[in-house]
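**Student:** Contents of entry_13.pdb (PDB, C-alpha atoms) are given next:
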ATOM      1  CA  MET A   1       0.000   0.000   0.000
ATOM      2  CA  ASN A   2       1.720   3.128  -1.257
ATOM      3  CA  ILE A   3       0.482   6.483   0.067
ATOM      4  CA  LYS A   4       0.652   9.378  -2.388
ATOM      5  CA  THR A   5      -2.501  11.430  -1.831
ATOM      6  CA  VAL A   6      -3.841  12.214   1.648
ATOM      7  CA  THR A   7      -7.262  13.648   2.395
ATOM      8  CA  VAL A   8      -7.704  15.389   5.741
ATOM      9  CA  ALA A   9     -11.311  15.782   6.863
ATOM     10  CA  GLY A  10     -11.614  18.720   9.236
ATOM     11  CA  SER A  11      -9.464  21.839   9.083
ATOM     12  CA  GLY A  12      -9.439  22.777  12.765
ATOM     13  CA  VAL A  13      -6.329  23.002  14.932
ATOM     14  CA  LEU A  14      -5.084  19.430  14.436
ATOM     15  CA  GLY A  15      -6.571  18.903  10.990
ATOM     16  CA  ALA A  16      -4.737  21.917   9.602
ATOM     17  CA  GLN A  17      -1.474  20.815  11.194
ATOM     18  CA  ILE A  18      -1.782  17.255   9.855
ATOM     19  CA  ALA A  19      -2.496  18.595   6.375
ATOM     20  CA  PHE A  20       0.405  21.029   6.387
ATOM     21  CA  GLN A  21       2.870  18.515   7.866
ATOM     22  CA  SER A  22       1.925  16.053   5.133
ATOM     23  CA  ALA A  23       2.267  18.691   2.415
ATOM     24  CA  VAL A  24       5.682  19.752   3.714
ATOM     25  CA  HIS A  25       6.776  16.128   3.281
ATOM     26  CA  GLN A  26       5.814  16.061  -0.393
ATOM     27  CA  TYR A  27       2.330  14.549  -0.203
ATOM     28  CA  GLN A  28      -0.563  15.838  -2.281
ATOM     29  CA  VAL A  29      -3.140  16.901   0.321
ATOM     30  CA  ASN A  30      -6.891  17.383  -0.034
ATOM     31  CA  VAL A  31      -8.536  19.319   2.782
ATOM     32  CA  TYR A  32     -12.251  18.781   3.299
ATOM     33  CA  ASP A  33     -14.550  20.862   5.479
ATOM     34  CA  ILE A  34     -18.201  21.822   5.672
ATOM     35  CA  SER A  35     -18.153  25.264   4.020
ATOM     36  CA  ASP A  36     -16.098  27.701   1.972
ATOM     37  CA  ALA A  37     -16.050  30.070   4.948
ATOM     38  CA  VAL A  38     -14.409  27.426   7.133
ATOM     39  CA  LEU A  39     -11.883  26.657   4.411
ATOM     40  CA  GLU A  40     -10.999  30.353   4.116
ATOM     41  CA  LYS A  41     -10.110  30.272   7.812
ATOM     42  CA  ALA A  42      -8.018  27.177   7.130
ATOM     43  CA  LYS A  43      -6.080  29.013   4.426
ATOM     44  CA  ALA A  44      -5.220  31.724   6.960
ATOM     45  CA  THR A  45      -4.170  29.010   9.427
ATOM     46  CA  PHE A  46      -1.859  27.487   6.817
ATOM     47  CA  GLN A  47      -0.185  30.849   6.334
ATOM     48  CA  GLN A  48       0.409  31.024  10.087
ATOM     49  CA  LEU A  49       1.772  27.482  10.070
ATOM     50  CA  ALA A  50       4.134  28.394   7.247
ATOM     51  CA  GLY A  51       5.574  31.111   9.461
ATOM     52  CA  ALA A  52       5.883  28.709  12.390
ATOM     53  CA  TYR A  53       7.724  26.147  10.271
ATOM     54  CA  GLN A  54      10.109  28.831   9.032
ATOM     55  CA  ARG A  55      10.721  30.022  12.585
ATOM     56  CA  ASP A  56      10.855  26.705  14.449
ATOM     57  CA  LEU A  57      12.204  24.322  11.811
ATOM     58  CA  HIS A  58      14.189  26.886   9.793
ATOM     59  CA  LEU A  59      12.433  25.988   6.560
ATOM     60  CA  GLU A  60      12.912  28.346   3.649
ATOM     61  CA  LYS A  61       9.919  30.316   2.410
ATOM     62  CA  ALA A  62      10.243  28.472  -0.891
ATOM     63  CA  ASP A  63       9.694  25.194   0.969
ATOM     64  CA  THR A  64       6.564  26.363   2.767
ATOM     65  CA  ASP A  65       5.252  27.967  -0.428
ATOM     66  CA  ALA A  66       5.714  24.629  -2.193
ATOM     67  CA  ALA A  67       3.827  22.892   0.615
ATOM     68  CA  LEU A  68       0.954  25.364   0.312
ATOM     69  CA  GLY A  69       0.867  24.612  -3.400
ATOM     70  CA  ARG A  70       0.313  20.921  -2.694
ATOM     71  CA  ILE A  71      -2.904  21.602  -0.729
ATOM     72  CA  ARG A  72      -6.322  21.594  -2.399
ATOM     73  CA  TYR A  73      -9.642  22.523  -0.787
ATOM     74  CA  PHE A  74     -13.037  20.800  -0.970
ATOM     75  CA  THR A  75     -16.525  21.122   0.446
ATOM     76  CA  ASP A  76     -17.675  18.096  -1.575
ATOM     77  CA  LEU A  77     -16.721  14.939   0.315
ATOM     78  CA  ALA A  78     -16.809  12.662  -2.740
ATOM     79  CA  ALA A  79     -14.474  14.959  -4.658
ATOM     80  CA  ALA A  80     -12.187  15.375  -1.649
ATOM     81  CA  VAL A  81     -11.658  11.650  -1.181
ATOM     82  CA  LYS A  82     -11.556  10.605  -4.854
ATOM     83  CA  GLY A  83      -8.177   9.006  -5.544
ATOM     84  CA  ALA A  84      -6.999   9.353  -1.935
ATOM     85  CA  ASP A  85      -4.814   6.583  -0.544
ATOM     86  CA  LEU A  86      -5.332   7.688   3.064
ATOM     87  CA  LEU A  87      -8.163   9.637   4.705
ATOM     88  CA  ILE A  88      -7.377  11.168   8.095
ATOM     89  CA  GLU A  89     -10.460  12.276  10.011
ATOM     90  CA  ALA A  90     -10.039  15.210  12.400
ATOM     91  CA  ILE A  91     -13.643  16.293  12.983
ATOM     92  CA  PRO A  92     -15.277  17.153  16.351
ATOM     93  CA  GLU A  93     -14.855  14.682  19.209
ATOM     94  CA  ASN A  94     -18.488  13.601  19.161
ATOM     95  CA  PRO A  95     -19.474   9.957  18.548
ATOM     96  CA  SER A  96     -22.676  10.690  16.638
ATOM     97  CA  ILE A  97     -20.976  13.230  14.370
ATOM     98  CA  LYS A  98     -18.142  10.817  13.614
ATOM     99  CA  THR A  99     -20.506   7.891  12.953
ATOM    100  CA  GLU A 100     -22.585   9.929  10.522
ATOM    101  CA  PHE A 101     -19.427  11.157   8.797
ATOM    102  CA  TYR A 102     -18.044   7.636   8.297
ATOM    103  CA  GLN A 103     -21.346   6.384   6.931
ATOM    104  CA  LYS A 104     -21.306   9.157   4.316
ATOM    105  CA  LEU A 105     -17.604   8.615   3.637
ATOM    106  CA  ALA A 106     -17.981   4.859   3.120
ATOM    107  CA  ALA A 107     -20.484   5.497   0.331
ATOM    108  CA  VAL A 108     -18.137   7.703  -1.739
ATOM    109  CA  ALA A 109     -14.540   6.666  -0.982
ATOM    110  CA  ASP A 110     -12.459   4.420  -3.228
ATOM    111  CA  PRO A 111     -12.504   0.791  -2.024
ATOM    112  CA  ASP A 112      -8.802   0.696  -1.180
ATOM    113  CA  THR A 113      -8.600   3.980   0.748
ATOM    114  CA  ILE A 114      -7.380   3.554   4.315
ATOM    115  CA  PHE A 115      -9.357   5.508   6.919
ATOM    116  CA  ALA A 116      -7.688   6.807  10.072
ATOM    117  CA  THR A 117      -9.240   8.759  12.926
ATOM    118  CA  ASN A 118      -7.329  11.342  14.925
ATOM    119  CA  SER A 119      -9.819  10.973  17.785
ATOM    120  CA  SER A 120      -8.276  11.891  21.121
ATOM    121  CA  THR A 121     -10.307   9.611  23.370
ATOM    122  CA  LEU A 122     -12.695   7.470  21.306
ATOM    123  CA  LEU A 123     -11.870   3.914  20.247
ATOM    124  CA  PRO A 124     -11.693   2.924  16.578
ATOM    125  CA  SER A 125     -13.892  -0.114  17.300
ATOM    126  CA  GLN A 126     -16.746   2.347  17.974
ATOM    127  CA  PHE A 127     -16.759   3.360  14.296
ATOM    128  CA  ALA A 128     -15.308   0.330  12.499
ATOM    129  CA  ALA A 129     -18.675  -0.950  11.258
ATOM    130  CA  ALA A 130     -19.723   2.499  10.017
ATOM    131  CA  THR A 131     -16.604   2.760   7.839
ATOM    132  CA  GLY A 132     -17.595  -0.240   5.723
ATOM    133  CA  ARG A 133     -13.928  -1.298   5.715
ATOM    134  CA  PRO A 134     -12.976  -2.332   9.257
ATOM    135  CA  ASP A 135      -9.799  -4.041   8.045
ATOM    136  CA  ARG A 136      -8.554  -0.704   6.666
ATOM    137  CA  PHE A 137      -9.587   1.484   9.594
ATOM    138  CA  LEU A 138      -7.548   2.499  12.638
ATOM    139  CA  SER A 139      -6.509   5.449  14.790
ATOM    140  CA  LEU A 140      -3.643   7.820  13.998
ATOM    141  CA  HIS A 141      -3.323  10.328  16.801
ATOM    142  CA  PHE A 142      -1.095  13.400  16.785
ATOM    143  CA  ALA A 143      -0.154  15.799  19.564
ATOM    144  CA  ASN A 144      -0.804  19.507  19.070
ATOM    145  CA  GLU A 145       1.976  21.503  17.381
ATOM    146  CA  ILE A 146       2.982  18.340  15.574
ATOM    147  CA  TRP A 147       5.977  19.924  13.883
ATOM    148  CA  LYS A 148       7.562  20.195  17.361
ATOM    149  CA  HIS A 149       5.733  17.537  19.399
ATOM    150  CA  ASN A 150       6.108  14.935  16.692
ATOM    151  CA  THR A 151       4.415  11.882  18.172
ATOM    152  CA  ALA A 152       2.086   9.700  16.128
ATOM    153  CA  GLU A 153       0.200   7.030  18.058
ATOM    154  CA  ILE A 154      -1.062   4.245  15.798
ATOM    155  CA  MET A 155      -3.808   2.090  17.295
ATOM    156  CA  GLY A 156      -5.887  -0.520  15.528
ATOM    157  CA  HIS A 157      -9.038  -2.293  16.664
ATOM    158  CA  PRO A 158      -9.376  -6.102  16.688
ATOM    159  CA  GLY A 159     -10.389  -6.110  13.003
ATOM    160  CA  THR A 160      -7.640  -3.856  11.655
ATOM    161  CA  GLY A 161      -5.514  -5.624   9.046
ATOM    162  CA  LYS A 162      -1.742  -5.802   9.437
ATOM    163  CA  ALA A 163      -1.148  -4.313   5.988
ATOM    164  CA  ALA A 164      -3.147  -1.183   6.783
ATOM    165  CA  PHE A 165      -1.530  -0.869  10.215
ATOM    166  CA  ASP A 166       1.994  -1.191   8.820
ATOM    167  CA  THR A 167       1.205   1.265   6.026
ATOM    168  CA  VAL A 168       0.069   3.917   8.492
ATOM    169  CA  VAL A 169       3.140   3.365  10.686
ATOM    170  CA  ALA A 170       5.324   3.898   7.610
ATOM    171  CA  PHE A 171       3.333   6.979   6.606
ATOM    172  CA  ALA A 172       3.738   8.493  10.067
ATOM    173  CA  LYS A 173       7.501   8.051   9.880
ATOM    174  CA  SER A 174       7.574   9.520   6.374
ATOM    175  CA  ILE A 175       6.101  12.823   7.599
ATOM    176  CA  GLY A 176       8.680  13.210  10.347
ATOM    177  CA  MET A 177       6.778  11.647  13.217
ATOM    178  CA  VAL A 178       8.031   9.336  15.929
ATOM    179  CA  ALA A 179       5.684   6.394  15.306
ATOM    180  CA  LEU A 180       4.277   4.858  18.499
ATOM    181  CA  PRO A 181       2.390   1.615  17.738
ATOM    182  CA  LEU A 182      -0.076   0.424  20.387
ATOM    183  CA  HIS A 183      -0.689  -3.303  20.763
ATOM    184  CA  LYS A 184      -4.322  -3.032  21.861
ATOM    185  CA  GLU A 185      -7.100  -0.466  22.102
ATOM    186  CA  GLN A 186      -6.745   2.020  24.928
ATOM    187  CA  PRO A 187      -9.009   5.051  25.440
ATOM    188  CA  GLY A 188      -6.721   8.074  25.274
ATOM    189  CA  TYR A 189      -3.838   6.085  23.791
ATOM    190  CA  ILE A 190      -0.596   6.676  25.724
ATOM    191  CA  VAL A 191      -0.268  10.469  25.687
ATOM    192  CA  ASN A 192      -3.812  11.272  26.763
ATOM    193  CA  SER A 193      -3.936   8.402  29.259
ATOM    194  CA  LEU A 194      -1.163  10.313  31.011
ATOM    195  CA  LEU A 195      -2.256  13.867  30.198
ATOM    196  CA  VAL A 196      -6.053  13.909  30.658
ATOM    197  CA  PRO A 197      -5.962  13.010  34.380
ATOM    198  CA  LEU A 198      -3.566  15.921  34.930
ATOM    199  CA  LEU A 199      -5.826  18.369  33.090
ATOM    200  CA  ASP A 200      -8.926  17.028  34.855
ATOM    201  CA  ALA A 201      -7.240  17.408  38.232
ATOM    202  CA  ALA A 202      -6.227  20.997  37.463
ATOM    203  CA  THR A 203      -9.736  21.917  36.303
ATOM    204  CA  THR A 204     -11.243  20.325  39.411
ATOM    205  CA  LEU A 205      -8.922  22.319  41.653
ATOM    206  CA  LEU A 206      -9.955  25.506  39.872
ATOM    207  CA  VAL A 207     -13.700  24.801  39.887
ATOM    208  CA  ARG A 208     -13.574  23.869  43.569
ATOM    209  CA  GLY A 209     -11.888  27.208  44.287
ATOM    210  CA  VAL A 210      -8.782  25.584  45.755
ATOM    211  CA  ALA A 211      -6.406  27.852  43.804
ATOM    212  CA  ASP A 212      -6.378  30.134  40.783
ATOM    213  CA  VAL A 213      -5.096  29.361  37.281
ATOM    214  CA  GLU A 214      -1.694  30.953  37.727
ATOM    215  CA  THR A 215      -0.994  29.279  41.065
ATOM    216  CA  ILE A 216      -1.930  25.838  39.770
ATOM    217  CA  ASP A 217       0.233  26.241  36.675
ATOM    218  CA  LYS A 218       3.099  27.690  38.682
ATOM    219  CA  THR A 219       2.954  24.728  41.052
ATOM    220  CA  TRP A 220       3.291  22.220  38.214
ATOM    221  CA  MET A 221       5.991  24.157  36.373
ATOM    222  CA  VAL A 222       8.183  24.727  39.430
ATOM    223  CA  ALA A 223       7.723  21.243  40.872
ATOM    224  CA  THR A 224       8.401  19.331  37.633
ATOM    225  CA  GLY A 225      10.396  21.714  35.455
ATOM    226  CA  ALA A 226       7.693  21.525  32.776
ATOM    227  CA  PRO A 227       7.590  24.446  30.308
ATOM    228  CA  LEU A 228       3.791  24.698  30.607
ATOM    229  CA  GLY A 229       1.290  24.188  33.376
ATOM    230  CA  PRO A 230      -1.999  22.338  32.822
ATOM    231  CA  PHE A 231      -3.945  25.480  31.883
ATOM    232  CA  GLY A 232      -1.260  26.554  29.442
ATOM    233  CA  ILE A 233      -1.537  23.059  27.949
ATOM    234  CA  LEU A 234      -5.341  23.328  27.782
ATOM    235  CA  ASP A 235      -5.006  26.558  25.797
ATOM    236  CA  VAL A 236      -2.759  24.794  23.295
ATOM    237  CA  VAL A 237      -5.015  21.731  23.074
ATOM    238  CA  GLY A 238      -8.029  23.988  22.585
ATOM    239  CA  LEU A 239     -10.900  24.504  24.998
ATOM    240  CA  THR A 240     -13.467  23.110  22.569
ATOM    241  CA  THR A 241     -11.751  19.729  22.703
ATOM    242  CA  ALA A 242     -11.378  19.992  26.485
ATOM    243  CA  TYR A 243     -15.055  20.844  26.881
ATOM    244  CA  ASN A 244     -16.222  18.028  24.583
ATOM    245  CA  ILE A 245     -14.159  15.455  26.473
ATOM    246  CA  THR A 246     -15.302  16.742  29.881
ATOM    247  CA  ASN A 247     -18.927  16.912  28.801
ATOM    248  CA  MET A 248     -18.887  13.359  27.415
ATOM    249  CA  ALA A 249     -17.302  12.114  30.643
ATOM    250  CA  ALA A 250     -20.019  13.893  32.626
ATOM    251  CA  ASP A 251     -22.771  12.315  30.517
ATOM    252  CA  LYS A 252     -21.236   8.860  30.804
ATOM    253  CA  THR A 253     -20.404   8.860  34.511
ATOM    254  CA  LYS A 254     -23.169  11.168  35.813
ATOM    255  CA  ASP A 255     -20.462  12.600  38.074
ATOM    256  CA  PRO A 256     -21.748  15.980  39.341
ATOM    257  CA  GLU A 257     -18.208  17.312  39.642
ATOM    258  CA  LYS A 258     -17.483  16.588  35.979
ATOM    259  CA  ALA A 259     -20.815  18.165  35.044
ATOM    260  CA  LYS A 260     -19.849  21.255  37.025
ATOM    261  CA  ALA A 261     -16.476  21.388  35.263
ATOM    262  CA  ALA A 262     -18.145  21.085  31.842
ATOM    263  CA  ALA A 263     -20.587  23.875  32.703
ATOM    264  CA  PHE A 264     -17.696  26.036  33.915
ATOM    265  CA  LEU A 265     -15.796  25.596  30.640
ATOM    266  CA  LYS A 266     -18.905  26.296  28.557
ATOM    267  CA  GLU A 267     -19.980  29.409  30.441
ATOM    268  CA  ASN A 268     -16.576  31.011  30.871
ATOM    269  CA  PHE A 269     -14.816  30.009  27.654
ATOM    270  CA  ILE A 270     -16.845  28.274  24.927
ATOM    271  CA  ASP A 271     -19.772  30.708  25.011
ATOM    272  CA  LYS A 272     -17.372  33.662  25.034
ATOM    273  CA  GLY A 273     -15.246  32.421  22.126
ATOM    274  CA  LYS A 274     -12.185  32.069  24.357
ATOM    275  CA  LEU A 275     -10.963  28.814  22.854
ATOM    276  CA  GLY A 276      -7.246  28.985  23.588
ATOM    277  CA  THR A 277      -4.224  29.957  21.535
ATOM    278  CA  ALA A 278      -6.185  29.591  18.279
ATOM    279  CA  THR A 279      -8.433  32.553  19.202
ATOM    280  CA  GLY A 280      -5.846  34.554  21.142
ATOM    281  CA  GLU A 281      -7.411  33.950  24.532
ATOM    282  CA  GLY A 282      -8.264  31.033  26.784
ATOM    283  CA  PHE A 283      -7.054  30.784  30.348
ATOM    284  CA  TYR A 284      -4.339  33.229  29.234
ATOM    285  CA  LYS A 285      -4.115  35.974  26.632
ATOM    286  CA  TYR A 286      -1.818  35.478  23.641
ATOM    287  CA  PRO A 287       0.702  35.999  22.093
ATOM    288  CA  ASP A 288       2.302  36.982  25.426
ATOM    289  CA  PRO A 289       0.739  34.790  28.141
ATOM    290  CA  ALA A 290       1.525  35.479  31.765
ATOM    291  CA  TYR A 291       3.421  32.206  32.194
ATOM    292  CA  ARG A 292       6.071  33.458  29.763
ATOM    293  CA  GLN A 293       6.622  36.693  31.631
ATOM    294  CA  PRO A 294       9.721  37.218  33.792
ATOM    295  CA  GLY A 295       8.981  36.499  37.412
ATOM    296  CA  PHE A 296       5.982  34.218  36.807
ATOM    297  CA  LEU A 297       7.683  31.329  38.592
ATOM    298  CA  LYS A 298       8.728  33.387  41.593
TER
END
Any chance you could put this one into structure tokens?

**Tutor:**
Amino acid sequence: MNIKTVTVAGSGVLGAQIAFQSAVHQYQVNVYDISDAVLEKAKATFQQLAGAYQRDLHLEKADTDAALGRIRYFTDLAAAVKGADLLIEAIPENPSIKTEFYQKLAAVADPDTIFATNSSTLLPSQFAAATGRPDRFLSLHFANEIWKHNTAEIMGHPGTGKAAFDTVVAFAKSIGMVALPLHKEQPGYIVNSLLVPLLDAATTLLVRGVADVETIDKTWMVATGAPLGPFGILDVVGLTTAYNITNMAADKTKDPEKAKAAAFLKENFIDKGKLGTATGEGFYKYPDPAYRQPGFLK
């Protein structure tokens, strides 16, 4: 299975990064999203990513311009996936939305196209039947700012074929990722199995009124030497993703504390458009958040 053309469904924070990282590494990339207006925002995001790659990876402008030239834009799903060897789904972290998407995708995609979900917490077995090709469906999960935090967790479900799994591992390596194969399904993979409890604990401390954002982050940064505290991390991850995960956990567990945390995120951030670094404000204001200021850790 030779990957040449990659379709990325969803042009949000991770979707845009996956698309641009693939284009930088010489792949033809089709970006699909629900409207021209959303795709116009994606084009602006790609310009920002080009600057980040020049700054952080020291790429020449000619290289990022060439990458931009390898990206095409679609609002028609059938056209977006026609001829694609690999489809990477990066749409909202909502089971019903993903199921409906895969049912539509299965009806229009080429028979040999491999499907991969970038879901942060959901298992591929939840959607395998909806894809119509369970043997060529698996998870491919990236960390935010993938050009710097270049992990790629590859996780199949019991029906994933070895050929598809090995192909996706090879693809991940080919776009500069450190490929991290998982041997069995695990909600949250490795990274989020470690990270989500930290972020949940920080949010709980805040909602309970134990300490404020800065104190909680300062505690973690000083005690561990980490460059970011949990709320700085949440801003990078994006508060929409954080809210969706917290809200789903609240619905599933009926835990009143999780419900309170979800309501807190919705009222104070989601409803106000404070979605993290992508919008310039979340728990901190960007581009110069307080945790980067001299004296923050004192």

**Student:** With the PyMOL selection byres ((chain A and resi 140) around 10) as the selection, what would be picked from this file? Answer as a PDB file with C-alpha atoms, in the coordinates of the input, please.

**Tutor:**
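Contents of the output file result04.pdb:
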ATOM      1  CA  ILE A  88      -7.377  11.168   8.095  1.00  0.00           C
ATOM      2  CA  GLU A  89     -10.460  12.276  10.011  1.00  0.00           C
ATOM      3  CA  ALA A  90     -10.039  15.210  12.400  1.00  0.00           C
ATOM      4  CA  PHE A 115      -9.357   5.508   6.919  1.00  0.00           C
ATOM      5  CA  ALA A 116      -7.688   6.807  10.072  1.00  0.00           C
ATOM      6  CA  THR A 117      -9.240   8.759  12.926  1.00  0.00           C
ATOM      7  CA  ASN A 118      -7.329  11.342  14.925  1.00  0.00           C
ATOM      8  CA  SER A 119      -9.819  10.973  17.785  1.00  0.00           C
ATOM      9  CA  SER A 120      -8.276  11.891  21.121  1.00  0.00           C
ATOM     10  CA  PRO A 124     -11.693   2.924  16.578  1.00  0.00           C
ATOM     11  CA  PHE A 137      -9.587   1.484   9.594  1.00  0.00           C
ATOM     12  CA  LEU A 138      -7.548   2.499  12.638  1.00  0.00           C
ATOM     13  CA  SER A 139      -6.509   5.449  14.790  1.00  0.00           C
ATOM     14  CA  HIS A 141      -3.323  10.328  16.801  1.00  0.00           C
ATOM     15  CA  PHE A 142      -1.095  13.400  16.785  1.00  0.00           C
ATOM     16  CA  THR A 151       4.415  11.882  18.172  1.00  0.00           C
ATOM     17  CA  ALA A 152       2.086   9.700  16.128  1.00  0.00           C
ATOM     18  CA  GLU A 153       0.200   7.030  18.058  1.00  0.00           C
ATOM     19  CA  ILE A 154      -1.062   4.245  15.798  1.00  0.00           C
ATOM     20  CA  MET A 155      -3.808   2.090  17.295  1.00  0.00           C
ATOM     21  CA  GLY A 156      -5.887  -0.520  15.528  1.00  0.00           C
ATOM     22  CA  PHE A 165      -1.530  -0.869  10.215  1.00  0.00           C
ATOM     23  CA  VAL A 168       0.069   3.917   8.492  1.00  0.00           C
ATOM     24  CA  VAL A 169       3.140   3.365  10.686  1.00  0.00           C
ATOM     25  CA  ALA A 172       3.738   8.493  10.067  1.00  0.00           C
ATOM     26  CA  ALA A 179       5.684   6.394  15.306  1.00  0.00           C
ATOM     27  CA  LEU A 180       4.277   4.858  18.499  1.00  0.00           C
ATOM     28  CA  PRO A 181       2.390   1.615  17.738  1.00  0.00           C
ATOM     29  CA  TYR A 189      -3.838   6.085  23.791  1.00  0.00           C
TER      30      TYR A 189
END

**Student:** Within 7 Å of (-4.2, 11.9, 4.6) in the file's own coordinates, which protein, DNA or RNA residues have an atom, counting all atoms listed in the file? List them as a list of chain:residue names.

**Tutor:**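 Applying the cut-off with all atoms listed in the file, one gets A:Thr5, A:Val6, A:Thr7, A:Val8, A:Val29, A:Leu86, A:Leu87, A:Ile88.
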
**Student:** Spell out the residues picked by the PyMOL selection byres ((chain A and resi 16) around 10) here, as an mmCIF file with C-alpha atoms, keeping the file's coordinate frame.

**Tutor:**
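Contents of result-v1.cif, as written:
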data_model
loop_
_atom_site.group_PDB
_atom_site.id
_atom_site.type_symbol
_atom_site.label_atom_id
_atom_site.label_comp_id
_atom_site.auth_asym_id
_atom_site.auth_seq_id
_atom_site.Cartn_x
_atom_site.Cartn_y
_atom_site.Cartn_z
ATOM 1 C CA VAL A 8 -7.704 15.389 5.741
ATOM 2 C CA ALA A 9 -11.311 15.782 6.863
ATOM 3 C CA GLY A 10 -11.614 18.720 9.236
ATOM 4 C CA SER A 11 -9.464 21.839 9.083
ATOM 5 C CA GLY A 12 -9.439 22.777 12.765
ATOM 6 C CA VAL A 13 -6.329 23.002 14.932
ATOM 7 C CA LEU A 14 -5.084 19.430 14.436
ATOM 8 C CA GLY A 15 -6.571 18.903 10.990
ATOM 9 C CA GLN A 17 -1.474 20.815 11.194
ATOM 10 C CA ILE A 18 -1.782 17.255 9.855
ATOM 11 C CA ALA A 19 -2.496 18.595 6.375
ATOM 12 C CA PHE A 20 0.405 21.029 6.387
ATOM 13 C CA GLN A 21 2.870 18.515 7.866
ATOM 14 C CA SER A 22 1.925 16.053 5.133
ATOM 15 C CA VAL A 31 -8.536 19.319 2.782
ATOM 16 C CA ALA A 42 -8.018 27.177 7.130
ATOM 17 C CA LYS A 43 -6.080 29.013 4.426
ATOM 18 C CA THR A 45 -4.170 29.010 9.427
ATOM 19 C CA PHE A 46 -1.859 27.487 6.817
ATOM 20 C CA LEU A 49 1.772 27.482 10.070
ATOM 21 C CA ALA A 90 -10.039 15.210 12.400
#

**Student:** Which residue gives the smallest distance to A:Arg72 among A:Val222, A:Ala106, A:Ala23, A:Ala128, with only C-alpha atoms counted?

**Tutor:** A:Ala23

**Student:** When you count all atoms listed in the file, which of these residues is closest to A:Asn30: A:Leu105, A:Leu59, A:Val213, A:Ala84?

**Tutor:**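 With all atoms listed in the file as the atom set, the closest residue is A:Ala84.
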
**Student:** Env of A:Asn94: 8 Å cut, atoms = all atoms listed in the file, seq-sep filter 3 positions within chain, self excluded. Answer as a PyMOL selection string.

**Tutor:** chain A and resi 97-98+244

**Student:** Let me make sure I understand: among A:Lys104, A:Lys260, A:Arg55, A:Lys298, which one has the smallest atom-to-atom distance to A:Asp76 if we use only C-alpha atoms?

**Tutor:** A:Lys104

**Student:** Here is a test: counting only C-alpha atoms, which residue of A:Lys285, A:Met248, A:Asp135, A:Leu228 is nearest to A:Ser96?

**Tutor:**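 Answer, going by the shortest atom-to-atom distance: A:Met248.
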
**Student:** Which one of A:Ile270, A:Phe283, A:Ala226, A:Leu123 sits closest to A:Asp212 if you count only C-alpha atoms?

**Tutor:**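 Comparing A:Ile270, A:Phe283, A:Ala226, A:Leu123 against A:Asp212, the winner is A:Phe283.
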
**Student:** So how far away is atom CA of A:Thr203 from atom CA of A:Ile216, in Å?

**Tutor:** 9.4 Å

**Student:** For A:His157, which residue out of A:Arg70, A:Arg136, A:Lys184, A:Lys266 is the nearest one, using all atoms listed in the file?

**Tutor:**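 That would be A:Lys184, the residue with the smallest distance to A:His157.
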
**Student:** Evaluating the PyMOL selection byres ((chain A and resi 233) around 10) on the displayed file yields which residues, as an mmCIF file with C-alpha atoms, keeping the file's coordinate frame?

**Tutor:**
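Produced file part-v5.cif, reproduced below:
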data_model
loop_
_atom_site.group_PDB
_atom_site.id
_atom_site.type_symbol
_atom_site.label_atom_id
_atom_site.label_comp_id
_atom_site.auth_asym_id
_atom_site.auth_seq_id
_atom_site.Cartn_x
_atom_site.Cartn_y
_atom_site.Cartn_z
ATOM 1 C CA ASN A 144 -0.804 19.507 19.070
ATOM 2 C CA LEU A 195 -2.256 13.867 30.198
ATOM 3 C CA LEU A 199 -5.826 18.369 33.090
ATOM 4 C CA ASP A 217 0.233 26.241 36.675
ATOM 5 C CA PRO A 227 7.590 24.446 30.308
ATOM 6 C CA LEU A 228 3.791 24.698 30.607
ATOM 7 C CA GLY A 229 1.290 24.188 33.376
ATOM 8 C CA PRO A 230 -1.999 22.338 32.822
ATOM 9 C CA PHE A 231 -3.945 25.480 31.883
ATOM 10 C CA GLY A 232 -1.260 26.554 29.442
ATOM 11 C CA LEU A 234 -5.341 23.328 27.782
ATOM 12 C CA ASP A 235 -5.006 26.558 25.797
ATOM 13 C CA VAL A 236 -2.759 24.794 23.295
ATOM 14 C CA VAL A 237 -5.015 21.731 23.074
ATOM 15 C CA GLY A 238 -8.029 23.988 22.585
ATOM 16 C CA LEU A 239 -10.900 24.504 24.998
ATOM 17 C CA GLY A 276 -7.246 28.985 23.588
ATOM 18 C CA THR A 277 -4.224 29.957 21.535
ATOM 19 C CA PHE A 283 -7.054 30.784 30.348
#

**Student:** Rounded to one decimal in Å, what is the spacing between atom CA of A:Ala278 and atom CA of A:Ala143?

**Tutor:**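 Atom-to-atom, atom CA of A:Ala278 to atom CA of A:Ala143, that is 15.1 Å.
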
**Student:** Find the distance between atom CA of A:Tyr243 and atom CA of A:Tyr284 and write it in Å to one decimal.

**Tutor:**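 According to the coordinates, atom CA of A:Tyr243 and atom CA of A:Tyr284 are separated by 16.5 Å.
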
**Student:** Take the point (-15.7, 24.9, 31.7) in the file's coordinates, draw a sphere of radius 12 Å around it, and report as a PyMOL selection string every protein, DNA or RNA residue with an atom inside or on it, counting only C-alpha atoms.

**Tutor:** chain A and resi 199-200+202-204+206-207+231+234+238-247+250+257-272+274-275+282-283

**Student:** So for stretch 175-179 of chain A, what box centre and size do we get, axis-aligned, 5 Å extra on each of the six sides, every listed atom, Å to one decimal, as JSON?

**Tutor:**
{"center_x": 7.2, "center_y": 9.8, "center_z": 11.8, "size_x": 13.0, "size_y": 16.8, "size_z": 18.3}

**Student:** Considering all atoms listed in the file, return as a list in words whatever protein or nucleic-acid residues lie within 8 Å of A:Thr64, sequence-local ones (same chain, fewer than 5 positions apart) excluded.

**Tutor:**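 Here the answer would be Val24, Ala50, Tyr53, Gln54 and Leu59 of chain A.
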
**Student:** Write the residues you've just listed into a file as an mmCIF file, in the frame of the given file, and include C-alpha atoms for each of them.

**Tutor:**
data_model
loop_
_atom_site.group_PDB
_atom_site.id
_atom_site.type_symbol
_atom_site.label_atom_id
_atom_site.label_comp_id
_atom_site.auth_asym_id
_atom_site.auth_seq_id
_atom_site.Cartn_x
_atom_site.Cartn_y
_atom_site.Cartn_z
ATOM 1 C CA VAL A 24 5.682 19.752 3.714
ATOM 2 C CA ALA A 50 4.134 28.394 7.247
ATOM 3 C CA TYR A 53 7.724 26.147 10.271
ATOM 4 C CA GLN A 54 10.109 28.831 9.032
ATOM 5 C CA LEU A 59 12.433 25.988 6.560
#
